[in-house]
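Undergrad: Submitted below is the structure of interest, expressed as structure tokens.
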Amino acid sequence: MGSGLREIFNSWGRNWRASFAKSWLVVSIGNDCDLRPGCVIEGGKPAPHEDYRGIILGNGVVLYPGVVLTTDSYNTESGIEIGDGTWINRNTLIQGSGGVTVGREVLFGPGVIVWSSGHKYDKPDGPILGQGLTFAPVVIGDGSWIAARAIILPGVTIGKGAVVGAGSVVTRDVPDNVIVAGNPAKEIGRRGAK
Ligand SMILES: CC(C)(COP(=O)(O)OP(=O)(O)OC[C@H]1O[C@@H](n2cnc3c(N)ncnc32)[C@H](O)[C@@H]1OP(=O)(O)O)[C@@H](O)C(=O)NCCC(=O)NCCS
């Protein structure tokens, strides 16, 4: 194919991607991000004129194979923001319906789950499916470490520099520099205290 023709096809491709992204997805990727093969960034579809955060990756974010960042636009908090220099290991899943904000230089081990929505279940005489959704934002502070297979539940704030042990289920906020582990996660120490 002559270079002129290739240029025309490339330009159609660029235009198509740009208009598709504008209408269907809101994803912004910073400079020098390392997005490994097999990671998924699923931005959802904003309703017309809806205020929607989308998915925003800062500079130098690393997503390993199997990482899934997924959100929709159920409310104005919906979306996922990942700070500069954060590393997310294999098969970690972050769901942003209720809003997830991850700070700078955070480490995620493999298989972590961060979820920011749930299901209403107050009416016992009927299936939960169809009773509606609940939303609660998750915040993960700068410089923290979320170790392998931890689960961070909706509404939780993890403090700056905090450590969440492998396999923990975090149901409550974690203060800065505190180490938590277990299900439910409890404080097992503080960084620098030993
Ligand atoms: C959280 C962690 C860093 C704590 O290490 P530590 O400060 O050296 O803690 P200790 O080993 O001294 O354990 C202190 C107590 O917490 C318990 N504990 C430690 N990690 C735990 C965990 N993940 N779940 C449940 N309990 C845990 C220990 O059993 C111990 O309890 P005890 O005092 O009753 O004996 C470490 O245990 C951990 O989970 N590392 C994650 C490793 C990992 O996932 N690597 C890959 C991801 S990048």
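Numbering starts fresh at 1 for the residues of each chain in the structure tokens, the chains themselves are lettered A, B, ... in the order given, and ligands are numbered from 1 as they appear.
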Using only C-alpha atoms and all ligand atoms, find each residue with an atom at most 7 Å away from ligand 1 and format the answer as an NGL selection string.

TA: :A and (108-110 or 147-148 or 163-168 or 179-182 or 188-189)

Undergrad: Give me the residues near range 62-78 of chain A as an NGL selection string, where near means some atom within 8 Å (using only C-alpha atoms) and where sequence neighbours in that chain fewer than 6 positions away do not count.

TA: :A and (33-47 or 50-55 or 85-100 or 137)

Undergrad: Any chance you could export the current selection's N, CA and C atoms as an mmCIF file, in the first residue's frame?

TA:
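File selection27.cif, as written:
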```cif
data_model
loop_
_atom_site.group_PDB
_atom_site.id
_atom_site.type_symbol
_atom_site.label_atom_id
_atom_site.label_comp_id
_atom_site.auth_asym_id
_atom_site.auth_seq_id
_atom_site.Cartn_x
_atom_site.Cartn_y
_atom_site.Cartn_z
ATOM 1 N N CYS A 33 2.701 6.047 30.692
ATOM 2 C CA CYS A 33 2.030 4.926 31.359
ATOM 3 C C CYS A 33 2.479 3.631 30.687
ATOM 4 N N ASP A 34 2.520 2.551 31.472
ATOM 5 C CA ASP A 34 2.932 1.249 30.951
ATOM 6 C C ASP A 34 1.720 0.327 31.059
ATOM 7 N N LEU A 35 0.975 0.223 29.993
ATOM 8 C CA LEU A 35 -0.251 -0.572 29.991
ATOM 9 C C LEU A 35 0.074 -1.909 29.339
ATOM 10 N N ARG A 36 0.233 -2.942 30.173
ATOM 11 C CA ARG A 36 0.685 -4.245 29.666
ATOM 12 C C ARG A 36 -0.438 -4.946 28.896
ATOM 13 N N PRO A 37 -0.075 -5.861 28.013
ATOM 14 C CA PRO A 37 -1.091 -6.550 27.211
ATOM 15 C C PRO A 37 -2.097 -7.256 28.116
ATOM 16 N N GLY A 38 -3.380 -7.140 27.776
ATOM 17 C CA GLY A 38 -4.398 -7.861 28.539
ATOM 18 C C GLY A 38 -4.989 -7.068 29.685
ATOM 19 N N CYS A 39 -4.554 -5.826 29.897
ATOM 20 C CA CYS A 39 -5.272 -5.016 30.890
ATOM 21 C C CYS A 39 -6.475 -4.373 30.186
ATOM 22 N N VAL A 40 -7.512 -4.101 30.972
ATOM 23 C CA VAL A 40 -8.765 -3.606 30.393
ATOM 24 C C VAL A 40 -9.136 -2.283 31.048
ATOM 25 N N ILE A 41 -9.428 -1.271 30.260
ATOM 26 C CA ILE A 41 -9.916 0.005 30.769
ATOM 27 C C ILE A 41 -11.274 0.233 30.133
ATOM 28 N N GLU A 42 -12.328 0.110 30.965
ATOM 29 C CA GLU A 42 -13.688 0.104 30.424
ATOM 30 C C GLU A 42 -14.417 1.314 30.979
ATOM 31 N N GLY A 43 -14.546 2.341 30.164
ATOM 32 C CA GLY A 43 -14.994 3.627 30.686
ATOM 33 C C GLY A 43 -16.478 3.838 30.777
ATOM 34 N N GLY A 44 -17.291 2.951 30.219
ATOM 35 C CA GLY A 44 -18.738 3.135 30.285
ATOM 36 C C GLY A 44 -19.213 4.242 29.369
ATOM 37 N N LYS A 45 -20.512 4.446 29.384
ATOM 38 C CA LYS A 45 -21.106 5.413 28.468
ATOM 39 C C LYS A 45 -21.773 6.528 29.251
ATOM 40 N N PRO A 46 -21.255 7.740 29.178
ATOM 41 C CA PRO A 46 -21.912 8.839 29.881
ATOM 42 C C PRO A 46 -23.252 9.170 29.234
ATOM 43 N N ALA A 47 -24.251 9.468 30.076
ATOM 44 C CA ALA A 47 -25.520 9.932 29.521
ATOM 45 C C ALA A 47 -25.295 11.324 28.929
ATOM 46 N N GLU A 50 -24.303 14.565 30.960
ATOM 47 C CA GLU A 50 -24.100 14.150 32.349
ATOM 48 C C GLU A 50 -22.678 14.487 32.784
ATOM 49 N N ASP A 51 -22.567 14.975 34.014
ATOM 50 C CA ASP A 51 -21.262 15.229 34.586
ATOM 51 C C ASP A 51 -20.670 13.879 34.978
ATOM 52 N N TYR A 52 -19.538 13.527 34.454
ATOM 53 C CA TYR A 52 -19.051 12.160 34.566
ATOM 54 C C TYR A 52 -17.535 12.195 34.642
ATOM 55 N N ARG A 53 -16.937 11.525 35.661
ATOM 56 C CA ARG A 53 -15.484 11.612 35.838
ATOM 57 C C ARG A 53 -14.712 10.735 34.874
ATOM 58 N N GLY A 54 -15.306 9.640 34.449
ATOM 59 C CA GLY A 54 -14.605 8.720 33.567
ATOM 60 C C GLY A 54 -13.435 8.049 34.264
ATOM 61 N N ILE A 55 -12.450 7.629 33.505
ATOM 62 C CA ILE A 55 -11.255 6.988 34.055
ATOM 63 C C ILE A 55 -10.064 7.858 33.705
ATOM 64 N N GLY A 85 2.451 7.458 38.983
ATOM 65 C CA GLY A 85 3.411 6.472 39.469
ATOM 66 C C GLY A 85 2.828 5.298 40.228
ATOM 67 N N THR A 86 1.534 5.094 40.169
ATOM 68 C CA THR A 86 0.919 3.947 40.859
ATOM 69 C C THR A 86 1.098 2.678 40.033
ATOM 70 N N TRP A 87 1.381 1.554 40.741
ATOM 71 C CA TRP A 87 1.583 0.249 40.093
ATOM 72 C C TRP A 87 0.439 -0.660 40.495
ATOM 73 N N ILE A 88 -0.184 -1.276 39.520
ATOM 74 C CA ILE A 88 -1.305 -2.183 39.812
ATOM 75 C C ILE A 88 -0.972 -3.560 39.250
ATOM 76 N N ASN A 89 -0.857 -4.529 40.148
ATOM 77 C CA ASN A 89 -0.402 -5.866 39.751
ATOM 78 C C ASN A 89 -1.523 -6.697 39.132
ATOM 79 N N ARG A 90 -1.153 -7.880 38.670
ATOM 80 C CA ARG A 90 -2.021 -8.733 37.843
ATOM 81 C C ARG A 90 -3.389 -8.994 38.450
ATOM 82 N N ASN A 91 -4.389 -8.967 37.579
ATOM 83 C CA ASN A 91 -5.750 -9.412 37.918
ATOM 84 C C ASN A 91 -6.429 -8.588 39.001
ATOM 85 N N THR A 92 -5.910 -7.416 39.284
ATOM 86 C CA THR A 92 -6.624 -6.520 40.202
ATOM 87 C C THR A 92 -7.811 -5.904 39.470
ATOM 88 N N LEU A 93 -8.936 -5.788 40.217
ATOM 89 C CA LEU A 93 -10.190 -5.307 39.614
ATOM 90 C C LEU A 93 -10.666 -4.089 40.405
ATOM 91 N N ILE A 94 -10.812 -2.970 39.751
ATOM 92 C CA ILE A 94 -11.297 -1.750 40.397
ATOM 93 C C ILE A 94 -12.578 -1.323 39.707
ATOM 94 N N GLN A 95 -13.648 -1.179 40.514
ATOM 95 C CA GLN A 95 -14.963 -0.836 39.949
ATOM 96 C C GLN A 95 -15.362 0.533 40.473
ATOM 97 N N GLY A 96 -15.711 1.437 39.567
ATOM 98 C CA GLY A 96 -15.833 2.842 39.947
ATOM 99 C C GLY A 96 -17.222 3.443 39.938
ATOM 100 N N SER A 97 -18.288 2.644 40.036
ATOM 101 C CA SER A 97 -19.644 3.242 39.988
ATOM 102 C C SER A 97 -19.840 4.316 41.044
ATOM 103 N N GLY A 98 -19.300 4.064 42.249
ATOM 104 C CA GLY A 98 -19.470 5.025 43.343
ATOM 105 C C GLY A 98 -18.305 5.991 43.449
ATOM 106 N N GLY A 99 -17.316 5.835 42.597
ATOM 107 C CA GLY A 99 -16.148 6.713 42.606
ATOM 108 C C GLY A 99 -14.979 6.094 43.353
ATOM 109 N N VAL A 100 -13.857 5.938 42.673
ATOM 110 C CA VAL A 100 -12.628 5.427 43.311
ATOM 111 C C VAL A 100 -11.504 6.405 42.995
ATOM 112 N N PRO A 137 -18.043 6.129 47.795
ATOM 113 C CA PRO A 137 -16.707 6.301 47.206
ATOM 114 C C PRO A 137 -15.605 5.622 48.015
#
```

Undergrad: When distances are computed from only C-alpha atoms, which of A:Gly30, A:Glu81, A:Trp145, A:Pro184 shows the smallest separation from Val61 in chain A?

TA: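 Counting only C-alpha atoms, the residue closest to Val61 in chain A is A:Gly30.
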
Undergrad: Please indicate the distance in Å from CA of Glu105 in chain A to CA of Asn31 in chain A, rounded to one decimal place.

TA: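 Straight-line distance from CA of Glu105 in chain A to CA of Asn31 in chain A works out to 14.9 Å.
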
Undergrad: As number ranges by chain, please: every residue in range 24-92 of chain A that a backbone DSSP assignment puts in strand (DSSP E).

TA: A: 27-29, 34-35, 40-42, 54-57, 62-63, 68-70, 79-82, 87-88

Undergrad: When you count only C-alpha atoms, which of these residues is closest to Gly58 in chain A: A:Ile29, A:Ala193, A:Ile80, A:Ile113?

TA: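 Closest to Gly58 in chain A, using only C-alpha atoms: A:Ile29.
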
Undergrad: Give the answer as one residue: which of A:Ser116, A:Ile128, A:Lys123, A:Asp173 has the shortest atom-to-atom distance to Leu153 in chain A, using only C-alpha atoms?

TA: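 Between A:Ser116, A:Ile128, A:Lys123, A:Asp173, the residue approaching Leu153 in chain A most closely is A:Ser116.
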
Undergrad: For a quick check of understanding, using only C-alpha atoms, which of A:Val114, A:Val174, A:Val26, A:Val138 has the smallest distance to Thr101 in chain A?

TA: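 Under the stated criterion, the closest residue is A:Val138.
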
Undergrad: Would you kindly return, as a VMD selection string, each protein, DNA or RNA residue with an atom no farther than 10 Å from any atom of Gly130 in chain A, considering only C-alpha atoms and excluding same-chain residues fewer than 2 positions away?

TA: chain A and resid 119 to 121 126 to 128 132 to 133

Undergrad: Just give me the gap between CA of Gly83 in chain A and CA of Asn177 in chain A in Å, one decimal is fine.

TA: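 Rounded to one decimal, the two atoms are 18.3 Å apart.
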
Undergrad: Name the closest residue to Arg104 in chain A among the candidates A:Gly143, A:Gly192, A:Pro154, A:Gly118; distances are taken between atoms, counting only C-alpha atoms.

TA: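 Among A:Gly143, A:Gly192, A:Pro154, A:Gly118, it is A:Gly143 that comes nearest to Arg104 in chain A.
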
Undergrad: Mind checking DSSP for chain A and telling me the helix (DSSP H, G or I) residues as a list in words?

TA: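 Taking chain A and keeping helix (DSSP H, G or I) gives Ser3, Gly4, Leu5, Arg6, Glu7, Ile8, Phe9, Asn10, Ser11, Trp12, Gly13, Arg14, Asn15, Trp16, Arg17, Ala18, Ser19, Phe20, Ala21, Lys22, Ser23 and Trp24 of chain A.
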
Undergrad: Output N, CA and C atoms for every residue in that selection, as a PDB file, in the first residue's frame.

TA:
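Result went into out_6.pdb, see below:
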```
ATOM      1  N   SER A   3       2.321   4.952   0.629  1.00  0.00           N
ATOM      2  CA  SER A   3       2.307   5.679   1.903  1.00  0.00           C
ATOM      3  C   SER A   3       1.172   6.710   1.953  1.00  0.00           C
ATOM      4  N   GLY A   4       0.779   7.258   0.787  1.00  0.00           N
ATOM      5  CA  GLY A   4      -0.328   8.219   0.752  1.00  0.00           C
ATOM      6  C   GLY A   4      -1.622   7.586   1.196  1.00  0.00           C
ATOM      7  N   LEU A   5      -1.880   6.368   0.636  1.00  0.00           N
ATOM      8  CA  LEU A   5      -3.110   5.657   0.972  1.00  0.00           C
ATOM      9  C   LEU A   5      -3.119   5.264   2.459  1.00  0.00           C
ATOM     10  N   ARG A   6      -1.942   4.776   2.921  1.00  0.00           N
ATOM     11  CA  ARG A   6      -1.842   4.376   4.334  1.00  0.00           C
ATOM     12  C   ARG A   6      -2.154   5.566   5.248  1.00  0.00           C
ATOM     13  N   GLU A   7      -1.634   6.722   4.865  1.00  0.00           N
ATOM     14  CA  GLU A   7      -1.872   7.933   5.666  1.00  0.00           C
ATOM     15  C   GLU A   7      -3.370   8.268   5.735  1.00  0.00           C
ATOM     16  N   ILE A   8      -4.046   8.088   4.584  1.00  0.00           N
ATOM     17  CA  ILE A   8      -5.495   8.372   4.564  1.00  0.00           C
ATOM     18  C   ILE A   8      -6.233   7.412   5.501  1.00  0.00           C
ATOM     19  N   PHE A   9      -5.888   6.092   5.422  1.00  0.00           N
ATOM     20  CA  PHE A   9      -6.555   5.117   6.295  1.00  0.00           C
ATOM     21  C   PHE A   9      -6.246   5.404   7.770  1.00  0.00           C
ATOM     22  N   ASN A  10      -4.983   5.729   8.049  1.00  0.00           N
ATOM     23  CA  ASN A  10      -4.608   6.049   9.435  1.00  0.00           C
ATOM     24  C   ASN A  10      -5.404   7.239   9.954  1.00  0.00           C
ATOM     25  N   SER A  11      -5.565   8.225   9.103  1.00  0.00           N
ATOM     26  CA  SER A  11      -6.276   9.423   9.531  1.00  0.00           C
ATOM     27  C   SER A  11      -7.763   9.122   9.765  1.00  0.00           C
ATOM     28  N   TRP A  12      -8.363   8.252   8.927  1.00  0.00           N
ATOM     29  CA  TRP A  12      -9.743   7.830   9.182  1.00  0.00           C
ATOM     30  C   TRP A  12      -9.824   7.131  10.536  1.00  0.00           C
ATOM     31  N   GLY A  13      -8.842   6.236  10.783  1.00  0.00           N
ATOM     32  CA  GLY A  13      -8.814   5.496  12.053  1.00  0.00           C
ATOM     33  C   GLY A  13      -8.747   6.440  13.230  1.00  0.00           C
ATOM     34  N   ARG A  14      -7.876   7.419  13.149  1.00  0.00           N
ATOM     35  CA  ARG A  14      -7.736   8.384  14.253  1.00  0.00           C
ATOM     36  C   ARG A  14      -9.039   9.143  14.476  1.00  0.00           C
ATOM     37  N   ASN A  15      -9.647   9.592  13.365  1.00  0.00           N
ATOM     38  CA  ASN A  15     -10.894  10.351  13.497  1.00  0.00           C
ATOM     39  C   ASN A  15     -11.997   9.496  14.102  1.00  0.00           C
ATOM     40  N   TRP A  16     -12.040   8.232  13.658  1.00  0.00           N
ATOM     41  CA  TRP A  16     -13.078   7.335  14.167  1.00  0.00           C
ATOM     42  C   TRP A  16     -12.888   7.117  15.663  1.00  0.00           C
ATOM     43  N   ARG A  17     -11.618   6.855  16.075  1.00  0.00           N
ATOM     44  CA  ARG A  17     -11.350   6.617  17.500  1.00  0.00           C
ATOM     45  C   ARG A  17     -11.716   7.837  18.329  1.00  0.00           C
ATOM     46  N   ALA A  18     -11.360   9.027  17.805  1.00  0.00           N
ATOM     47  CA  ALA A  18     -11.626  10.256  18.553  1.00  0.00           C
ATOM     48  C   ALA A  18     -13.125  10.466  18.735  1.00  0.00           C
ATOM     49  N   SER A  19     -13.914  10.241  17.670  1.00  0.00           N
ATOM     50  CA  SER A  19     -15.346  10.504  17.822  1.00  0.00           C
ATOM     51  C   SER A  19     -16.004   9.412  18.652  1.00  0.00           C
ATOM     52  N   PHE A  20     -15.502   8.170  18.535  1.00  0.00           N
ATOM     53  CA  PHE A  20     -16.048   7.078  19.342  1.00  0.00           C
ATOM     54  C   PHE A  20     -15.802   7.382  20.826  1.00  0.00           C
ATOM     55  N   ALA A  21     -14.586   7.770  21.138  1.00  0.00           N
ATOM     56  CA  ALA A  21     -14.242   8.033  22.531  1.00  0.00           C
ATOM     57  C   ALA A  21     -15.090   9.171  23.100  1.00  0.00           C
ATOM     58  N   LYS A  22     -15.316  10.185  22.281  1.00  0.00           N
ATOM     59  CA  LYS A  22     -16.077  11.337  22.753  1.00  0.00           C
ATOM     60  C   LYS A  22     -17.525  10.946  23.078  1.00  0.00           C
ATOM     61  N   SER A  23     -18.110  10.071  22.231  1.00  0.00           N
ATOM     62  CA  SER A  23     -19.514   9.732  22.422  1.00  0.00           C
ATOM     63  C   SER A  23     -19.723   8.623  23.428  1.00  0.00           C
ATOM     64  N   TRP A  24     -18.742   7.729  23.563  1.00  0.00           N
ATOM     65  CA  TRP A  24     -19.010   6.503  24.302  1.00  0.00           C
ATOM     66  C   TRP A  24     -18.121   6.306  25.517  1.00  0.00           C
TER      67      TRP A  24
END
```
